[in-house]
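Chemist: Data: work-v1.csv, CSV, C-alpha atoms and all ligand atoms.
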```csv
chain,number,residue,atom,x,y,z
A,1391,MET,CA,27.2,-4.0,14.8
A,1392,GLN,CA,25.2,-6.6,12.8
A,1393,PRO,CA,24.9,-5.7,9.1
A,1394,GLU,CA,21.1,-5.7,9.2
A,1395,ILE,CA,20.9,-3.2,12.1
A,1396,HIS,CA,23.6,-1.1,10.5
A,1397,GLU,CA,21.6,-1.0,7.3
A,1398,ILE,CA,18.5,0.1,9.2
A,1399,THR,CA,20.3,2.9,11.0
A,1400,ARG,CA,21.8,4.2,7.8
A,1401,LYS,CA,18.4,4.2,6.1
A,1402,GLN,CA,16.8,6.0,9.0
A,1403,ARG,CA,19.5,8.7,8.8
A,1404,THR,CA,19.0,9.0,5.1
A,1405,TRP,CA,15.3,9.3,5.6
A,1406,GLN,CA,15.8,12.0,8.3
A,1407,ASN,CA,18.0,14.0,5.8
A,1408,ARG,CA,15.3,13.7,3.2
A,1409,LYS,CA,12.7,14.9,5.6
A,1410,GLU,CA,14.8,17.9,6.5
A,1411,MET,CA,15.4,18.7,2.9
A,1412,ALA,CA,11.7,18.5,2.2
A,1413,LEU,CA,10.9,21.1,4.8
A,1414,ILE,CA,13.0,23.9,3.3
A,1415,PRO,CA,12.5,26.0,1.3
A,1416,TYR,CA,8.8,26.5,1.8
A,1417,ASP,CA,6.9,26.1,-1.4
A,1418,ALA,CA,3.4,27.5,-1.6
A,1419,THR,CA,2.4,25.3,-4.5
A,1420,VAL,CA,3.2,22.2,-2.5
A,1421,ALA,CA,0.9,23.5,0.4
A,1422,GLN,CA,-1.9,24.2,-2.1
A,1423,GLY,CA,-1.4,20.7,-3.6
A,1424,LEU,CA,-1.7,19.1,-0.2
A,1425,GLN,CA,-4.9,21.0,0.6
A,1426,LYS,CA,-6.9,18.6,-1.7
A,1427,PHE,CA,-6.1,15.8,0.7
A,1428,HIS,CA,-8.1,17.6,3.4
A,1429,GLN,CA,-11.3,18.1,1.4
A,1430,SER,CA,-14.2,15.7,1.7
A,1431,LEU,CA,-14.1,15.0,-2.0
A,1432,ALA,CA,-10.7,14.5,-3.7
A,1433,SER,CA,-10.4,14.2,-7.5
A,1434,PHE,CA,-7.7,12.4,-9.4
A,1435,SER,CA,-7.1,11.4,-12.9
A,1436,PHE,CA,-5.8,7.8,-13.6
A,1437,ALA,CA,-6.1,5.5,-16.5
A,1438,SER,CA,-7.9,8.2,-18.5
A,1439,HIS,CA,-10.7,8.4,-15.9
A,1440,SER,CA,-11.6,11.1,-13.5
A,1441,ILE,CA,-11.9,9.6,-10.0
A,1442,HIS,CA,-13.8,11.4,-7.2
A,1443,ILE,CA,-13.1,9.9,-3.9
A,1444,LYS,CA,-15.2,10.6,-0.9
A,1445,GLN,CA,-13.1,10.9,2.2
A,1446,ASN,CA,-13.1,11.8,5.8
A,1447,TRP,CA,-9.6,13.1,6.5
A,1448,LYS,CA,-9.8,12.3,10.2
A,1449,GLN,CA,-10.7,8.6,9.5
A,1450,LEU,CA,-10.2,7.5,5.9
A,1451,GLY,CA,-8.5,10.1,3.7
A,1452,VAL,CA,-6.6,9.6,0.5
A,1453,ALA,CA,-3.0,10.1,1.3
A,1454,ALA,CA,-0.1,10.7,-1.1
A,1455,VAL,CA,1.0,7.1,-0.2
A,1456,ALA,CA,-1.9,5.7,-2.2
A,1457,VAL,CA,-1.5,8.3,-5.0
A,1458,VAL,CA,2.2,7.3,-5.5
A,1459,LEU,CA,1.2,3.6,-5.8
A,1460,CYS,CA,-1.5,4.4,-8.3
A,1461,THR,CA,1.0,6.4,-10.4
A,1462,TYR,CA,3.4,3.5,-10.3
A,1463,LEU,CA,0.7,1.1,-11.5
A,1464,GLU,CA,-0.4,3.5,-14.2
A,1465,MET,CA,3.2,3.7,-15.4
A,1466,GLY,CA,2.9,0.0,-16.3
A,1467,ALA,CA,5.4,-1.3,-13.9
A,1468,VAL,CA,3.3,-4.4,-13.6
A,1469,ASN,CA,1.1,-5.8,-16.3
A,1470,LEU,CA,-2.4,-5.7,-14.7
A,1471,GLN,CA,-4.4,-6.8,-17.8
A,1472,GLY,CA,-6.5,-9.8,-16.8
A,1473,ARG,CA,-4.5,-10.3,-13.6
A,1474,SER,CA,-6.1,-11.1,-10.2
A,1475,VAL,CA,-5.3,-8.5,-7.6
A,1476,ILE,CA,-6.1,-8.2,-3.9
A,1477,GLU,CA,-5.8,-4.9,-2.0
A,1478,LEU,CA,-5.3,-5.0,1.8
A,1479,GLY,CA,-6.4,-2.1,4.1
A,1480,ALA,CA,-7.9,-0.3,1.1
A,1481,GLY,CA,-9.4,2.6,3.0
A,1482,THR,CA,-11.0,4.8,0.3
A,1483,GLY,CA,-10.4,2.1,-2.4
A,1484,LEU,CA,-8.4,4.4,-4.7
A,1485,VAL,CA,-5.6,1.8,-5.5
A,1486,GLY,CA,-8.1,-1.0,-6.1
A,1487,ILE,CA,-10.2,1.3,-8.4
A,1488,VAL,CA,-7.2,2.2,-10.4
A,1489,ALA,CA,-6.1,-1.4,-10.7
A,1490,ALA,CA,-9.5,-2.3,-12.0
A,1491,LEU,CA,-9.4,0.6,-14.5
A,1492,LEU,CA,-6.1,-0.8,-15.7
A,1493,GLY,CA,-7.6,-4.1,-16.5
A,1494,ALA,CA,-7.3,-6.2,-13.3
A,1495,HIS,CA,-9.9,-8.2,-11.4
A,1496,VAL,CA,-9.7,-6.8,-7.9
A,1497,THR,CA,-10.7,-8.0,-4.5
A,1498,ILE,CA,-10.7,-4.8,-2.4
A,1499,THR,CA,-10.5,-5.5,1.3
A,1500,ASP,CA,-10.5,-3.8,4.7
A,1501,ARG,CA,-12.0,-4.2,8.1
A,1502,GLN,CA,-15.8,-4.5,8.4
A,1503,VAL,CA,-16.1,-0.9,9.6
A,1504,ALA,CA,-14.6,0.5,6.4
A,1505,LEU,CA,-16.6,-1.5,3.9
A,1506,GLU,CA,-19.7,0.7,3.4
A,1507,PHE,CA,-17.6,3.7,2.6
A,1508,LEU,CA,-15.4,1.7,0.3
A,1509,GLU,CA,-18.4,0.3,-1.6
A,1510,SER,CA,-19.8,3.8,-2.2
A,1511,ASN,CA,-16.5,5.0,-3.6
A,1512,ILE,CA,-16.3,2.0,-6.0
A,1513,GLN,CA,-19.9,2.4,-7.2
A,1514,ALA,CA,-19.3,6.1,-7.8
A,1515,ASN,CA,-16.1,5.6,-9.8
A,1516,LEU,CA,-16.2,2.4,-11.8
A,1517,PRO,CA,-18.2,2.4,-15.0
A,1518,THR,CA,-21.0,-0.2,-14.8
A,1519,THR,CA,-19.2,-2.2,-17.4
A,1520,LEU,CA,-16.3,-2.7,-15.0
A,1521,GLN,CA,-18.2,-3.1,-11.7
A,1522,HIS,CA,-18.2,-6.9,-12.1
A,1523,LYS,CA,-14.4,-6.8,-12.0
A,1524,VAL,CA,-14.4,-5.7,-8.4
A,1525,VAL,CA,-15.4,-7.5,-5.2
A,1526,VAL,CA,-15.4,-5.9,-1.8
A,1527,LYS,CA,-14.7,-8.3,1.1
A,1528,GLU,CA,-13.9,-8.0,4.8
A,1529,LEU,CA,-10.3,-9.0,5.5
A,1530,THR,CA,-9.1,-8.2,9.0
A,1531,TRP,CA,-5.4,-9.2,9.0
A,1532,GLY,CA,-4.8,-12.6,10.5
A,1533,HIS,CA,-8.5,-13.4,10.8
A,1534,ASN,CA,-10.5,-16.0,8.8
A,1535,LEU,CA,-7.8,-16.3,6.2
A,1536,GLY,CA,-9.4,-19.5,5.1
A,1537,ASN,CA,-11.9,-17.3,3.2
A,1538,PHE,CA,-9.1,-16.4,0.8
A,1539,SER,CA,-7.4,-19.0,-1.4
A,1540,PRO,CA,-3.6,-18.7,-1.5
A,1541,ASP,CA,-3.5,-19.4,-5.3
A,1542,ALA,CA,-6.2,-16.8,-6.2
A,1543,PHE,CA,-4.0,-13.7,-6.6
A,1544,ASP,CA,-1.2,-12.7,-8.9
A,1545,LEU,CA,-0.6,-9.4,-7.1
A,1546,ILE,CA,-1.2,-8.1,-3.6
A,1547,VAL,CA,-1.2,-4.4,-3.1
A,1548,GLY,CA,-1.3,-2.3,0.0
A,1549,SER,CA,-0.7,1.4,0.6
A,1550,ASP,CA,0.1,2.9,3.9
A,1551,ILE,CA,-0.7,-0.3,5.8
A,1552,ILE,CA,2.6,-0.5,7.7
A,1553,TYR,CA,1.9,1.7,10.6
A,1554,LEU,CA,0.4,-0.1,13.6
A,1555,GLU,CA,2.9,-2.2,15.4
A,1556,GLU,CA,0.3,-4.4,17.0
A,1557,THR,CA,-0.9,-5.5,13.5
A,1558,PHE,CA,2.6,-6.4,12.2
A,1559,LEU,CA,2.4,-10.1,12.9
A,1560,ASP,CA,-1.1,-10.4,11.6
A,1561,LEU,CA,-0.2,-8.5,8.5
A,1562,LEU,CA,2.8,-10.7,7.9
A,1563,GLN,CA,0.7,-13.8,8.4
A,1564,THR,CA,-1.8,-12.5,5.9
A,1565,LEU,CA,0.8,-11.8,3.3
A,1566,GLU,CA,2.3,-15.3,3.8
A,1567,HIS,CA,-1.1,-16.9,3.5
A,1568,LEU,CA,-2.1,-15.1,0.4
A,1569,SER,CA,1.1,-15.5,-1.6
A,1570,LEU,CA,2.7,-18.3,-3.5
A,1571,GLU,CA,6.3,-18.1,-4.8
A,1572,GLN,CA,5.2,-16.3,-8.0
A,1573,THR,CA,2.8,-13.8,-6.3
A,1574,LEU,CA,4.1,-10.2,-6.3
A,1575,ILE,CA,3.5,-7.9,-3.4
A,1576,LEU,CA,3.7,-4.1,-3.8
A,1577,LEU,CA,3.6,-2.0,-0.6
A,1578,SER,CA,3.8,1.7,-0.7
A,1579,CYS,CA,4.7,3.4,2.6
A,1580,ARG,CA,6.1,6.5,4.2
A,1581,ILE,CA,8.5,5.5,6.9
A,1582,ARG,CA,7.4,7.5,9.9
A,1583,TYR,CA,8.8,5.6,12.8
A,1584,ALA,CA,11.7,3.3,13.5
A,1585,ARG,CA,9.3,0.5,14.1
A,1586,ASP,CA,8.2,0.7,10.4
A,1587,TRP,CA,11.7,-0.6,9.5
A,1588,ASP,CA,11.0,-3.4,12.0
A,1589,PHE,CA,8.1,-4.6,9.9
A,1590,LEU,CA,10.3,-4.5,6.7
A,1591,LYS,CA,12.9,-6.5,8.6
A,1592,MET,CA,10.3,-9.1,9.6
A,1593,LEU,CA,9.1,-9.2,5.9
A,1594,LYS,CA,12.7,-9.8,4.7
A,1595,ALA,CA,12.9,-12.9,6.8
A,1596,ARG,CA,10.2,-14.6,4.7
A,1597,PHE,CA,10.2,-12.6,1.4
A,1598,THR,CA,12.7,-11.2,-1.0
A,1599,VAL,CA,12.2,-7.4,-0.6
A,1600,VAL,CA,13.3,-4.8,-3.1
A,1601,GLU,CA,12.7,-1.1,-3.1
A,1602,VAL,CA,11.4,-0.5,-6.6
A,1603,HIS,CA,10.5,3.2,-6.4
A,1604,TYR,CA,11.0,6.2,-4.2
A,1605,ASP,CA,9.2,9.5,-4.6
A,1606,PRO,CA,11.3,12.3,-3.0
A,1607,ASN,CA,8.5,14.8,-3.3
A,1608,THR,CA,6.2,12.8,-1.0
A,1609,ASP,CA,8.8,10.7,0.7
A,1610,VAL,CA,7.0,7.6,-0.3
A,1611,HIS,CA,8.7,4.3,-0.9
A,1612,ILE,CA,7.4,1.3,-2.9
A,1613,PHE,CA,8.7,-2.1,-1.9
A,1614,GLN,CA,8.2,-5.2,-3.9
A,1615,ALA,CA,8.2,-8.5,-2.1
A,1616,GLN,CA,8.1,-12.1,-3.2
A,1617,LYS,CA,8.1,-15.3,-1.1
A,1618,ILE,CA,11.5,-16.8,-0.6
A,1619,THR,CA,11.5,-20.2,-2.3
A,1620,LEU,CA,12.7,-23.4,-0.7
A,1621,LYS,CA,15.6,-23.5,-3.2
A,1622,GLU,CA,16.7,-20.0,-2.1
A,1623,GLU,CA,16.5,-21.0,1.5
A,1624,LEU,CA,18.9,-24.0,1.0
B,1,LIG,C1,-3.6,4.5,6.9
B,1,LIG,S1,-5.0,3.7,6.2
B,1,LIG,C2,-4.5,3.5,4.5
B,1,LIG,C3,-5.7,3.5,3.6
B,1,LIG,C4,-5.4,3.3,2.1
B,1,LIG,N1,-4.8,2.1,1.8
B,1,LIG,C5,-4.7,4.5,1.7
B,1,LIG,O1,-3.5,4.5,1.4
B,1,LIG,O2,-5.3,5.6,1.5
B,1,LIG,C6,-4.8,2.1,6.9
B,1,LIG,C7,-5.9,1.1,6.5
B,1,LIG,O3,-5.6,-0.1,7.0
B,1,LIG,C8,-6.8,-0.7,7.6
B,1,LIG,N2,-6.5,-1.5,8.7
B,1,LIG,C9,-5.9,-1.2,9.9
B,1,LIG,N3,-5.8,-2.3,10.7
B,1,LIG,C10,-6.2,-3.3,10.0
B,1,LIG,C11,-6.4,-4.7,10.2
B,1,LIG,N4,-6.0,-5.2,11.4
B,1,LIG,N5,-6.9,-5.5,9.3
B,1,LIG,C12,-7.3,-5.0,8.1
B,1,LIG,N6,-7.2,-3.7,7.8
B,1,LIG,C13,-6.7,-2.9,8.7
B,1,LIG,C14,-7.6,0.6,8.0
B,1,LIG,O4,-9.0,0.3,8.2
B,1,LIG,C15,-7.3,1.6,7.0
B,1,LIG,O5,-8.2,1.5,5.9
```
Render the structure in this file as structure tokens.

Modeler:
Amino acid sequence: MQPEIHEITRKQRTWQNRKEMALIPYDATVAQGLQKFHQSLASFSFASHSIHIKQNWKQLGVAAVAVVLCTYLEMGAVNLQGRSVIELGAGTGLVGIVAALLGAHVTITDRQVALEFLESNIQANLPTTLQHKVVVKELTWGHNLGNFSPDAFDLIVGSDIIYLEETFLDLLQTLEHLSLEQTLILLSCRIRYARDWDFLKMLKARFTVVEVHYDPNTDVHIFQAQKITLKEEL
């Protein structure tokens, strides 16, 4: 068995164990905690601000995957002060909003269909003094990438964007286009299907990928990636 495949099989087994462990014993407080993700308005506290996110659970809801990434950013894992950040597949915009509250200039992106909803969450949650720090733009992965300059961003963030196999190549192309050797990428995800590991394998062919955080309560991983330099390749 090739080492790469062996590693994936082992990780899947570990994840399966974690899932099973998370199912028992039943904990009522966990169920109550999860209920807030099904409401049309979800409230959070990050960077000393209350954030109220409008959501439509069936279409664009705030999932724990985004909350774990926000918590990681709030912990100061990456210095965001004055940094330029782009969020991919932003959905409700929670991660981008928190990055702006933590001092970053943020370009929050998603497909055209999601932008109106995204704009309204940003307007409702960013103090007017910070609104100028956020730009909302359409970015459909793999399309019109020339609208985004590769040297414009210090950090690329994405939560729960590794889930549609048909978008994997476009997403990878987008990450490659947007990043220079020094650009950091933070992706939070819950590994739901074996194919999700396939994306990480594709990512590892072009980027150095490290798991920097795992939250056992929500089964959410955060991976940090950075473009492999020519020197590393030689
Ligand atoms: C599961 S949601 C995650 C939303 C948000 N990041 C979160 O964690 O709450 C996936 C997001 O990716 C976006 N998306 C899916 N396919 C896309 C594509 N081809 N290009 C850009 N965004 C895409 C969706 O519109 C959606 O907002």

Chemist: Counting all atoms listed in the file, name the residues that have an atom within 8 Å of an atom of ligand LIG 1 (chain B); the answer should be given as a compact mmCIF listing (two decimals) with C-alpha atoms, in the coordinates of the input.

Modeler:
```
# COMPACT_ATOMS: atom_id res chain seq x y z
CA LEU A 1450 -10.20 7.50 5.90
CA GLY A 1451 -8.50 10.10 3.70
CA VAL A 1452 -6.60 9.60 0.50
CA ALA A 1453 -3.00 10.10 1.30
CA ALA A 1454 -0.10 10.70 -1.10
CA VAL A 1455 1.00 7.10 -0.20
CA ALA A 1456 -1.90 5.70 -2.20
CA VAL A 1457 -1.50 8.30 -5.00
CA LEU A 1478 -5.30 -5.00 1.80
CA GLY A 1479 -6.40 -2.10 4.10
CA ALA A 1480 -7.90 -0.30 1.10
CA GLY A 1481 -9.40 2.60 3.00
CA THR A 1482 -11.00 4.80 0.30
CA GLY A 1483 -10.40 2.10 -2.40
CA LEU A 1484 -8.40 4.40 -4.70
CA VAL A 1485 -5.60 1.80 -5.50
CA THR A 1499 -10.50 -5.50 1.30
CA ASP A 1500 -10.50 -3.80 4.70
CA ARG A 1501 -12.00 -4.20 8.10
CA VAL A 1503 -16.10 -0.90 9.60
CA ALA A 1504 -14.60 0.50 6.40
CA GLU A 1528 -13.90 -8.00 4.80
CA LEU A 1529 -10.30 -9.00 5.50
CA THR A 1530 -9.10 -8.20 9.00
CA TRP A 1531 -5.40 -9.20 9.00
CA GLY A 1532 -4.80 -12.60 10.50
CA GLY A 1548 -1.30 -2.30 0.00
CA SER A 1549 -0.70 1.40 0.60
CA ASP A 1550 0.10 2.90 3.90
CA ILE A 1551 -0.70 -0.30 5.80
CA ILE A 1552 2.60 -0.50 7.70
CA TYR A 1553 1.90 1.70 10.60
CA LEU A 1554 0.40 -0.10 13.60
CA THR A 1557 -0.90 -5.50 13.50
CA ASP A 1560 -1.10 -10.40 11.60
CA LEU A 1561 -0.20 -8.50 8.50
```

Chemist: What lies within 10 Å of A:Val1468 using only C-alpha atoms, ignoring chain neighbours under 4 positions off, as a PyMOL selection string?

Modeler: chain A and resi 1462-1464+1473+1545+1574+1576

Chemist: Just the number, please: distance in Å from atom CA of A:Glu1477 to atom CA of A:Phe1597, one decimal.

Modeler: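 These two atoms are separated by 18.1 Å.
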
Chemist: Using atom CA of A:Val1602 and atom CA of A:Cys1460 as the two end points, give the distance in Å to one decimal.

Modeler: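 For atom CA of A:Val1602 relative to atom CA of A:Cys1460, the distance reads 13.9 Å.
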
Chemist: Smallest atom-to-atom distance to A:Asn1515: which of A:Gly1486, A:Pro1540, A:Gly1493, A:Gly1466, using only C-alpha atoms?

Modeler: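 For A:Asn1515, the nearest of the given residues is A:Gly1486.
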
Chemist: What does the structure give for the distance between atom CA of A:Thr1573 and atom CA of A:Ile1546, in Å to one decimal?

Modeler: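 Computed distance, atom CA of A:Thr1573 to atom CA of A:Ile1546, equals 7.5 Å.
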
Chemist: Within 6 Å of stretch 1605-1612 of chain A, counting only C-alpha atoms, which residues qualify if same-chain residues fewer than 6 places away don't, as a VMD selection string?

Modeler: chain A and resid 1577 to 1580

Chemist: Determine the axis-aligned bounding box of all atoms of stretch 1593-1597 of chain A present in the file, pad each side by 3 Å, and express its centre and edge lengths in Å to one decimal place as lines of an AutoDock Vina configuration file.

Modeler:
```
center_x = 11.0
center_y = -11.9
center_z = 4.1
size_x = 9.8
size_y = 11.4
size_z = 11.4
```

Chemist: Return the single residue from A:Ile1575, A:Leu1562, A:Glu1556, A:His1603 that is closest to A:Lys1591, with distances computed using all atoms listed in the file.

Modeler: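 Answer, going by the shortest atom-to-atom distance: A:Leu1562.
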
Chemist: Pick the closest to A:Leu1492 from A:Leu1535, A:Leu1565, A:Leu1470, A:Ile1443: which is it, counting all atoms listed in the file?

Modeler: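 Of A:Leu1535, A:Leu1565, A:Leu1470, A:Ile1443, the one nearest A:Leu1492, counting all atoms listed in the file, is A:Leu1470.
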
Chemist: Pick from A:Ser1539, A:Phe1507, A:Val1458, A:Asp1544: nearest to A:Gly1472, with only C-alpha atoms counted?

Modeler: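 Nearest to A:Gly1472: A:Asp1544.
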